[in-house]
4 protein chains.
Amino acid sequence: MKKWSVTSPGAQHLKLETAPIPTPGDYEVLVRVDAVSLNYRDLGVVDGEDGAAMPFPCTPGSDFAGSVVAVGQRVTRFAEGANVIGTFWAGWLDGDWPPTARVLGGSLPGVLAQYVVLHEDWLVQAPRTLDASTASTLPCAGLTAWFALVEKGGVHAGQTVLVQGTGGVALFAVQLARAHGARVIVTSGSEEKRRKVTELGASYVIDRQAHSQWDVLAREYTAGRGVDHVLELAGGENLATSLRALHQGGRISLIGVLGEHTMTFPSVPSFLTRPVIQGIGVGHRRALEDLVRAVDAIELKPVVDERYAFEQLPQAFEHLKRGAFGKIVVQAN
Amino acid sequence: MKKWSVTSPGAQHLKLETAPIPTPGDYEVLVRVDAVSLNYRDLGVVDGEDGAAMPFPCTPGSDFAGSVVAVGQRVTRFAEGANVIGTFWAGWLDGDWPPTARVLGGSLPGVLAQYVVLHEDWLVQAPRTLDASTASTLPCAGLTAWFALVEKGGVHAGQTVLVQGTGGVALFAVQLARAHGARVIVTSGSEEKRRKVTELGASYVIDRQAHSQWDVLAREYTAGRGVDHVLELAGGENLATSLRALHQGGRISLIGVLGEHTMTFPSVPSFLTRPVIQGIGVGHRRALEDLVRAVDAIELKPVVDERYAFEQLPQAFEHLKRGAFGKIVVQAN
Amino acid sequence: MKKWSVTSPGAQHLKLETAPIPTPGDYEVLVRVDAVSLNYRDLGVVDGEDGAAMPFPCTPGSDFAGSVVAVGQRVTRFAEGANVIGTFWAGWLDGDWPPTARVLGGSLPGVLAQYVVLHEDWLVQAPRTLDASTASTLPCAGLTAWFALVEKGGVHAGQTVLVQGTGGVALFAVQLARAHGARVIVTSGSEEKRRKVTELGASYVIDRQAHSQWDVLAREYTAGRGVDHVLELAGGENLATSLRALHQGGRISLIGVLGEHTMTFPSVPSFLTRPVIQGIGVGHRRALEDLVRAVDAIELKPVVDERYAFEQLPQAFEHLKRGAFGKIVVQAN
Amino acid sequence: MKKWSVTSPGAQHLKLETAPIPTPGDYEVLVRVDAVSLNYRDLGVVDGEDGAAMPFPCTPGSDFAGSVVAVGQRVTRFAEGANVIGTFWAGWLDGDWPPTARVLGGSLPGVLAQYVVLHEDWLVQAPRTLDASTASTLPCAGLTAWFALVEKGGVHAGQTVLVQGTGGVALFAVQLARAHGARVIVTSGSEEKRRKVTELGASYVIDRQAHSQWDVLAREYTAGRGVDHVLELAGGENLATSLRALHQGGRISLIGVLGEHTMTFPSVPSFLTRPVIQGIGVGHRRALEDLVRAVDAIELKPVVDERYAFEQLPQAFEHLKRGAFGKIVVQAN
């Protein structure tokens, strides 16, 4: 089989290697990887920036869809032929995040390979209604949006959700909020992306270049009430604007790989608005199973910007770096 | 103005009277009543069965939509001309139910009159997208379904809701569950009602006459998983069947005016299934405001079976007694 | 080593056998069992009444404390010498109960042996402040009370908890409620037990033989307000009395091995009181770790009625059958 | 009667005036004020810094205990002779904060008078176990600590709470956390205050002058686990330290009148720790009633540093400015 390996820091050191197909242990499953969805953090792993990553050489990649080819003796969760997706966090099954949890393509070997062996606990049944390319986008981007809005946020009809930008998490948030009867405001600096996200279901878009005080527009749109949920994807001073846009007791989800390294906000509004500001770091397996069930029920179609052949991983990373509208997927088989 | 009064127990003692239009006190509002939606409990009040009711003669009716005609000196929540609906519970604003809360057309005078004076706290803004007839159905039937599924139940996409029968609360539950991406199973003994509720959005209907063990069908429909929410509207032995249909940790909402006087269920499944069984007694004003916002956002159209002129109240009650598909509304002005 | 085995249904078929000390697999731990705490369900297993039990011959027993003697190659949670207690549910780590979870001395071999091999996931660190006998009472009785009152119930200072009887769960409930600043009412038919439970911290005791309408006394004690939590340990018609004793929106925890096979309650109070009635089936590992931390912080001392030597298991079961005040513990080493 | 009035900004403009005893309207109550507890925000009102305050001249003061002397015609909550305390927020009864809520001695006239007339909704029954001086400290300082730790935080036995400083809210937090079986870490720059707070129940004190990296000590004290709750009373860069001290998924309560005008924290830990950061702005009436019940149950004695006669208000404000250990109370009758 083929697999990608990065021998030392930097995308120029990515190598497509040949390796034997691995054999599953007692509780393990051999999966044929069909599609791998890329995340910004994969770039950090390739560049050696992620402190928790494997030592070089290593295989990057965390999110995939595939099908079970062989199972270990004591495996009970899956049979041969099952279509599966991975859990971003290996070992976070439900409830509180346990310190023993690890990340595929982080402190564990990644999935940019044609076959991988994984503990059966690190997989869930894939949705019936998606092909491998679209299903591969759920484990990190899809679950992050779901965890913020549904698992922790309890979004419901009649609420307003504000999403910053049009990255992978943001687009899932638009689709999920709409599927729960909520309205969605999206801020974006690009006219084309504002148009596309409107087609996807955004109720109202704000040009954040033209309106640095976008909270004023968000308040107007909600008749002065403020928004119920913010997905804070920008960080820095932006958090103060998010707070001003928020309804009393509203919720701000702080989501990983924020643009800025620190966040700042004024003290007084922070208690007068009584916000709940919660850090979201993807989510657990039980919530991913809930999301899969939801995807089938509402026939949600994740936005994939472009699919690349397995050999084209470097081009796929290039695309990711220059920005996309939707996920970038590499097809492995 | 005209108003209905019942002079002694029994619908035959309903009288249409003439009375002066009342004047609002400091914190009160004069409302022109446009539509009154009937509930089964109104029949109990007319028949003198409701222990908490006013002494005879009294005016029945709790759920209405109308518009503000005059306001008392210290009123701040509404101005003249505002379209409003009443809160079923006068004095339950948010959080826990306070023992001081009372019911219009129960321990307080009812609303089957062309004008009523009410404390400003007992009203909320009507939805923009509904006329008075449909808006009048929200305070009791609409809010009960919302409170069970959304406020307390946190229903979300991918879940399955099971609703018993096709009464007013049940039909709202179908619409609200669908608006949150959930699937709905409805049990009903009538083929025509099963057809109609399917048109309204039910995902699966069960003939409960033919299938007393309807839990088996509900489990099959959910691939063995069981349903996430049950609106228990039948009571008696039926609760045991609801428990068998339930997913681990699922939720059963016990809703008022159940057909049977006692409920019975086996002990062992009651803890092995780890259900949450919660009594729902309509809901508070803040949740009604949330529902109004949702109705506008998702353009929910409540099902009204028939509208009657104000003089036709006796016929409207007759219709209610023989059964309806949707709410019965009396137009007051 | 010695271990107990039951060869066919009935306590007369309990046999003390000799067996080789087992060897741990990759993820497994060898534990020297120091104390086993008995539960009523162990009697059911011995009598062959538990549908989920192992085929005969089998070893009963689920709750133990011991210390780690050897660890498998891939074990990370424990080192040799660690003092541990077992989790009643093998495989329920946090959040929702998974259908793959099993019970020691149920569908899995039991722990009435001097050494057992267990997956590392099925153990937690024992409290620092307890010896093995008292620590062995936490996995089922202690955790059930904690799960009902703290994990699910969020008990707090100023609330009133009502506990039925003086069984193992009830006594833990008294101690835990008191440790959170709550008052506790205990109903019991025995004057001696009422005296003992008062010494343990009960704020008020009711002779339930003399007062079948004990809800009236409970309401008086709470100045008419009603109690905030009931641990329903009796079942049957008693549930209706519990409902009448309950404060608006209060919580009733239905707890396993109820005396009666069905529960009955009247419909109308079930929604007018807006209770939350929740089935409790022990609890998960994360909550057991929370309980262990609490036991050390508040220096809770579980009530052990009597300790038996390993060979005296039949006498210990006899004691359990005729009733005890506190747990019956068998010392294994 | 006498009452304090401030005629223009600045404590030098405080005047003790004579005024007629007011008369209650329909829903109002005349209360003889026995004790008024001072808060820092009262200084802001006197100095004209609070944007929401009444125009000058005005009477400051928000927190009091007293007894009902006369009731309006339609009052149902209290009878003559009832001992009462005020709610800090007039009009926040339960659930979400409503925008119509106002503050006594803020946008409403204050209570530094020998008699006040208030809406019956703005009062709750005083605790049985406290005199007026100590009871007067509950409405703001007591309720803020309760709302953060109990109502929103669900503190329980075995958890660790970290409190910054030894102000009024901090001391209540120490007492309340202890009453729920939690341990408490207090940071303080004063050796004397560290000694006093240890006597009050603090489990561990940190000299924050000597240890700017107090998170390291807090982690050590919790065996590396981190603390479960932080009451953030300092603000600014301190929030980043609080985040580092926090256990996964722990809770930081942002509490009013923070020392610094902005808060700053690094992005990455903000989602890796998955904290819940929640703004607390005192709390609602239902929670104050819960607190009163708790105070009686656990016999909590609020810390009063010094009592002043009514005429000594200027000296009392001076004491408040130079710092106290416990609340400063003015006795009005």
# chains A, B, ... in the order shown; residues from 1 in each chain; ligands from 1
$ select_by_dssp --residues "range 95-137 of chain A" --states "helix (DSSP H, G or I)" --output "PyMOL selection string"
chain A and resi 120-122+132-135
$ write_last_selection --atoms "N, CA and C atoms" --output "mmCIF file, in the first residue's frame"
data_model
loop_
_atom_site.group_PDB
_atom_site.id
_atom_site.type_symbol
_atom_site.label_atom_id
_atom_site.label_comp_id
_atom_site.auth_asym_id
_atom_site.auth_seq_id
_atom_site.Cartn_x
_atom_site.Cartn_y
_atom_site.Cartn_z
ATOM 1 N N GLU A 120 -10.928 -0.351 17.699
ATOM 2 C CA GLU A 120 -12.332 -0.265 17.282
ATOM 3 C C GLU A 120 -13.082 0.901 17.953
ATOM 4 N N ASP A 121 -12.566 1.341 19.111
ATOM 5 C CA ASP A 121 -13.212 2.457 19.817
ATOM 6 C C ASP A 121 -13.050 3.787 19.101
ATOM 7 N N TRP A 122 -12.146 3.844 18.130
ATOM 8 C CA TRP A 122 -11.833 5.124 17.487
ATOM 9 C C TRP A 122 -12.595 5.316 16.179
ATOM 10 N N ALA A 132 -17.765 8.688 0.678
ATOM 11 C CA ALA A 132 -16.590 8.776 1.549
ATOM 12 C C ALA A 132 -16.017 10.196 1.595
ATOM 13 N N SER A 133 -16.001 10.892 0.465
ATOM 14 C CA SER A 133 -15.394 12.234 0.443
ATOM 15 C C SER A 133 -16.105 13.173 1.400
ATOM 16 N N THR A 134 -17.414 13.203 1.320
ATOM 17 C CA THR A 134 -18.154 14.128 2.177
ATOM 18 C C THR A 134 -18.166 13.628 3.627
ATOM 19 N N ALA A 135 -18.251 12.319 3.800
ATOM 20 C CA ALA A 135 -18.259 11.779 5.168
ATOM 21 C C ALA A 135 -16.954 12.077 5.899
#
$ residues_around --residues "range 253-255 of chain C" --least-positions-apart "2" --cutoff "8 Å" --atoms "only C-alpha atoms" --output "list in words"
Ser270 and Phe271 of chain B; Thr144, Ala148, His229, Val230, Leu231, Glu232, Leu233, Arg251, Val257, Leu258, Ile277, Gln278, Gly279, Ile280 and Gly281 of chain C
$ write_last_selection --atoms "N, CA, C and O atoms" --output "short mmCIF file (atom, residue, chain, number, x, y, z; two decimals), in the first residue's frame"
data_model
loop_
_atom_site.label_atom_id
_atom_site.label_comp_id
_atom_site.auth_asym_id
_atom_site.auth_seq_id
_atom_site.Cartn_x
_atom_site.Cartn_y
_atom_site.Cartn_z
N SER B 270 -37.85 0.69 34.58
CA SER B 270 -37.83 2.10 34.94
C SER B 270 -36.46 2.56 35.37
O SER B 270 -36.14 3.73 35.28
N PHE B 271 -35.61 1.67 35.85
CA PHE B 271 -34.26 2.15 36.12
C PHE B 271 -33.25 1.63 35.12
O PHE B 271 -32.26 2.26 34.85
N THR C 144 -24.56 4.77 43.56
CA THR C 144 -25.98 4.96 43.26
C THR C 144 -26.52 6.20 43.97
O THR C 144 -27.20 7.04 43.37
N ALA C 148 -27.63 9.69 42.01
CA ALA C 148 -28.99 10.23 42.14
C ALA C 148 -28.96 11.65 42.71
O ALA C 148 -29.62 12.55 42.20
N HIS C 229 -35.91 16.29 46.88
CA HIS C 229 -35.45 15.02 46.30
C HIS C 229 -36.09 13.86 47.05
O HIS C 229 -36.13 13.89 48.28
N VAL C 230 -36.54 12.87 46.31
CA VAL C 230 -36.94 11.60 46.93
C VAL C 230 -36.08 10.50 46.33
O VAL C 230 -35.93 10.43 45.10
N LEU C 231 -35.52 9.65 47.17
CA LEU C 231 -34.93 8.41 46.66
C LEU C 231 -35.99 7.33 46.82
O LEU C 231 -36.24 6.85 47.93
N GLU C 232 -36.62 6.98 45.70
CA GLU C 232 -37.71 6.02 45.73
C GLU C 232 -37.13 4.62 45.74
O GLU C 232 -36.65 4.11 44.74
N LEU C 233 -37.19 4.01 46.92
CA LEU C 233 -36.60 2.69 47.09
C LEU C 233 -37.65 1.64 47.40
O LEU C 233 -37.34 0.48 47.64
N ARG C 251 -37.49 16.24 42.40
CA ARG C 251 -36.89 15.12 41.68
C ARG C 251 -37.08 13.83 42.46
O ARG C 251 -36.80 13.78 43.66
N VAL C 257 -33.77 -2.62 42.23
CA VAL C 257 -34.18 -3.60 43.23
C VAL C 257 -35.25 -3.01 44.16
O VAL C 257 -35.15 -3.06 45.38
N LEU C 258 -36.26 -2.40 43.52
CA LEU C 258 -37.40 -1.90 44.28
C LEU C 258 -38.19 -3.07 44.81
O LEU C 258 -38.24 -4.14 44.20
N ILE C 277 -38.88 12.49 37.28
CA ILE C 277 -38.75 11.14 37.81
C ILE C 277 -37.70 10.44 36.97
O ILE C 277 -37.88 10.29 35.76
N GLN C 278 -36.59 10.08 37.58
CA GLN C 278 -35.49 9.57 36.76
C GLN C 278 -35.02 8.21 37.27
O GLN C 278 -34.78 8.03 38.47
N GLY C 279 -34.89 7.28 36.36
CA GLY C 279 -34.35 5.97 36.71
C GLY C 279 -32.84 6.05 36.89
O GLY C 279 -32.15 6.64 36.08
N ILE C 280 -32.37 5.46 37.96
CA ILE C 280 -30.93 5.47 38.26
C ILE C 280 -30.46 4.03 38.29
O ILE C 280 -30.99 3.21 39.06
N GLY C 281 -29.49 3.69 37.47
CA GLY C 281 -28.93 2.34 37.47
C GLY C 281 -27.45 2.41 37.76
O GLY C 281 -26.62 2.29 36.86
#
$ closest_residue --among "B:Leu93, B:Val111, B:Ile21, B:Val75" --to "chain D" --atoms "only C-alpha atoms"
B:Leu93
$ residues_around --residues "Ala11 in chain B" --least-positions-apart "5" --cutoff "9 Å" --atoms "only C-alpha atoms" --output "list in words"
Val6, Leu43, Val46, Asp47, Pro314 and Phe317 of chain B
$ write_last_selection --atoms "N, CA, C and O atoms" --output "mmCIF file, in the first residue's frame"
data_model
loop_
_atom_site.group_PDB
_atom_site.id
_atom_site.type_symbol
_atom_site.label_atom_id
_atom_site.label_comp_id
_atom_site.auth_asym_id
_atom_site.auth_seq_id
_atom_site.Cartn_x
_atom_site.Cartn_y
_atom_site.Cartn_z
ATOM 1 N N VAL B 6 -71.234 31.485 32.154
ATOM 2 C CA VAL B 6 -71.929 30.237 32.468
ATOM 3 C C VAL B 6 -72.457 30.384 33.894
ATOM 4 O O VAL B 6 -71.713 30.707 34.823
ATOM 5 N N LEU B 43 -64.053 22.814 28.836
ATOM 6 C CA LEU B 43 -65.255 22.003 29.052
ATOM 7 C C LEU B 43 -65.407 21.670 30.535
ATOM 8 O O LEU B 43 -66.501 21.716 31.086
ATOM 9 N N VAL B 46 -66.695 24.723 32.375
ATOM 10 C CA VAL B 46 -68.118 24.917 32.115
ATOM 11 C C VAL B 46 -68.947 23.900 32.916
ATOM 12 O O VAL B 46 -69.993 24.233 33.475
ATOM 13 N N ASP B 47 -68.434 22.688 33.003
ATOM 14 C CA ASP B 47 -69.155 21.645 33.734
ATOM 15 C C ASP B 47 -68.907 21.690 35.240
ATOM 16 O O ASP B 47 -69.394 20.841 35.989
ATOM 17 N N PRO B 314 -71.478 27.477 21.661
ATOM 18 C CA PRO B 314 -71.983 26.137 21.971
ATOM 19 C C PRO B 314 -71.649 25.122 20.879
ATOM 20 O O PRO B 314 -71.237 23.990 21.171
ATOM 21 N N PHE B 317 -67.999 24.181 21.152
ATOM 22 C CA PHE B 317 -67.757 23.192 22.214
ATOM 23 C C PHE B 317 -68.213 21.798 21.772
ATOM 24 O O PHE B 317 -67.565 20.795 22.087
#
$ interface_residues --of "chain A" --to "chain C" --cutoff "8 Å" --atoms "only C-alpha atoms" --output "PyMOL selection string"
chain A and resi 93-96
$ atom_distance --atom1 "CA of Gly181 in chain C" --atom2 "CA of His247 in chain C"
17.9 Å
$ residues_around --residues "range 182-194 of chain A" --least-positions-apart "2" --cutoff "6 Å" --atoms "only C-alpha atoms" --output "NGL selection string"
:A and (157-165 or 177-178 or 180 or 196-197 or 202-209)
$ closest_residue --among "A:Asn39, A:Ser62, A:Asn83, A:Thr198" --to "Leu130 in chain A" --atoms "only C-alpha atoms"
A:Asn83
$ residues_around --residues "Phe147 in chain C" --least-positions-apart "5" --cutoff "8 Å" --atoms "only C-alpha atoms" --output "ChimeraX atom specification"
/C:152-153,280,282-283,287
$ write_last_selection --atoms "N, CA, C and O atoms" --output "PDB file, in the first residue's frame"
ATOM      1  N   LYS C 152     -26.764  13.622  39.005  1.00  0.00           N
ATOM      2  CA  LYS C 152     -28.002  13.974  38.313  1.00  0.00           C
ATOM      3  C   LYS C 152     -28.819  14.993  39.087  1.00  0.00           C
ATOM      4  O   LYS C 152     -29.502  15.820  38.496  1.00  0.00           O
ATOM      5  N   GLY C 153     -28.784  14.924  40.423  1.00  0.00           N
ATOM      6  CA  GLY C 153     -29.700  15.733  41.224  1.00  0.00           C
ATOM      7  C   GLY C 153     -29.171  17.101  41.616  1.00  0.00           C
ATOM      8  O   GLY C 153     -29.953  17.987  41.945  1.00  0.00           O
ATOM      9  N   ILE C 280     -32.374   5.462  37.964  1.00  0.00           N
ATOM     10  CA  ILE C 280     -30.932   5.470  38.265  1.00  0.00           C
ATOM     11  C   ILE C 280     -30.462   4.026  38.291  1.00  0.00           C
ATOM     12  O   ILE C 280     -30.991   3.211  39.055  1.00  0.00           O
ATOM     13  N   VAL C 282     -27.111   2.633  39.017  1.00  0.00           N
ATOM     14  CA  VAL C 282     -25.735   2.847  39.486  1.00  0.00           C
ATOM     15  C   VAL C 282     -25.173   4.093  38.786  1.00  0.00           C
ATOM     16  O   VAL C 282     -25.807   5.160  38.890  1.00  0.00           O
ATOM     17  N   GLY C 283     -24.046   3.994  38.080  1.00  0.00           N
ATOM     18  CA  GLY C 283     -23.481   5.194  37.478  1.00  0.00           C
ATOM     19  C   GLY C 283     -22.186   4.878  36.764  1.00  0.00           C
ATOM     20  O   GLY C 283     -21.770   3.719  36.695  1.00  0.00           O
ATOM     21  N   ALA C 287     -18.058   9.496  37.510  1.00  0.00           N
ATOM     22  CA  ALA C 287     -18.754   9.876  38.743  1.00  0.00           C
ATOM     23  C   ALA C 287     -18.192   9.120  39.945  1.00  0.00           C
ATOM     24  O   ALA C 287     -18.143   9.656  41.054  1.00  0.00           O
TER      25      ALA C 287
END
